[in-house]
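Participant: Input: one structure, supplied below.
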Amino acid sequence: MPGYGRADSEWDELVDAGREFLIERAKLGKLTTYTELNVTLARRTRLRSFDFERADERAAMGHLLGLIVERDQDLVPSDPPLMLSALVNYLNANDAGSGFYQLAKELQLLPSGALKDEKYVFWIRQVKGLHERHGAG
């Protein structure tokens with residue numbers, strides 16, 4: 001079902017390109033930012049970029065990251081599940097966005113009442129798990 005003004009075919013292309021890019025980052029043992037992901041997606045797919053000045057476009061990027069996590073888990077299931085979106089953080093920040101933690105709660109990977117320290121530890125474990133899974137040192 002199309003959403004956020006994009007066709008299903010666009011979402012499929014964005015999910016594939018986004019997943020590929022995040023796996024590349026994991027192989028390098030790196031993180032990325034929403035901005036870098038946005039620029040990379042636009043360059044690789046030639047689709048319009050997300051306009052982070054708009055709340056609906058920020059929500060659309062969050063939706064995309066959820067789709068990437070879902071696709072990755074379908075293709076490469078892990079126990080405990082690893083969320084590729086853990087590799088995406090805000091520019092000049094050292095933590096995931098609130099949408100990451102919300103999705104983790106929805107997937108029952110993080111307790112709904114998790115405190116800030118618990119969230120941070122969960123995020124670090126996710127990042128380390130992704131780096132290990134993809135062969136980063």
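Starting from 1 in every chain, residues are counted up; chains themselves are A, B, ... following the order of the structure tokens, and ligands are numbered from 1 as listed.
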Please extract the residues of chain A with a backbone DSSP assignment of strand (DSSP E or B) and present them as a ChimeraX atom specification.
Facilitator: /A:3,6,32-33,88-89,96
Participant: Distance table requested - range 73-111 of chain A against range 25-43 of chain A, cut-off 6 Å, only C-alpha atoms: one row per qualifying residue with the closest atom pair and its distance in Å to one decimal, ordered by chain and rising residue number, as a tab-separated table.
Facilitator:
residue	atom	partner	partner_atom	distance
A:Leu87	CA	A:Leu31	CA	4.7
A:Val88	CA	A:Thr32	CA	5.0
A:Asn89	CA	A:Thr33	CA	4.8
A:Tyr90	CA	A:Thr33	CA	5.4
A:Leu91	CA	A:Thr33	CA	5.6
Participant: For the residues in that selection, give me N, CA and C atoms as a PDB file, in the first residue's frame.
Facilitator:
ATOM      1  N   LEU A  87      21.946   1.423  13.326  1.00  0.00           N
ATOM      2  CA  LEU A  87      23.139   2.060  12.772  1.00  0.00           C
ATOM      3  C   LEU A  87      22.901   3.504  12.360  1.00  0.00           C
ATOM      4  N   VAL A  88      21.663   3.959  12.448  1.00  0.00           N
ATOM      5  CA  VAL A  88      21.309   5.319  12.010  1.00  0.00           C
ATOM      6  C   VAL A  88      21.075   6.193  13.235  1.00  0.00           C
ATOM      7  N   ASN A  89      21.827   7.281  13.317  1.00  0.00           N
ATOM      8  CA  ASN A  89      21.608   8.212  14.423  1.00  0.00           C
ATOM      9  C   ASN A  89      21.563   9.645  13.900  1.00  0.00           C
ATOM     10  N   TYR A  90      21.268  10.547  14.795  1.00  0.00           N
ATOM     11  CA  TYR A  90      21.201  11.967  14.432  1.00  0.00           C
ATOM     12  C   TYR A  90      22.602  12.523  14.229  1.00  0.00           C
ATOM     13  N   LEU A  91      22.713  13.471  13.338  1.00  0.00           N
ATOM     14  CA  LEU A  91      23.976  14.164  13.112  1.00  0.00           C
ATOM     15  C   LEU A  91      24.469  14.741  14.434  1.00  0.00           C
TER      16      LEU A  91
END
Participant: Compare A:Leu109, A:Leu115, A:Leu65, A:Leu84 by their minimum atom-to-atom distance to Trp11 in chain A, counting only C-alpha atoms, and give me the closest one.
Facilitator: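 Going through A:Leu109, A:Leu115, A:Leu65, A:Leu84 one by one, the smallest distance to Trp11 in chain A is for A:Leu65.
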Participant: Rounded to one decimal, what separation in Å do you get between CA of Val15 in chain A and CA of Phe122 in chain A?
Facilitator: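 Answer for the CA of Val15 in chain A to CA of Phe122 in chain A separation: 23.8 Å.
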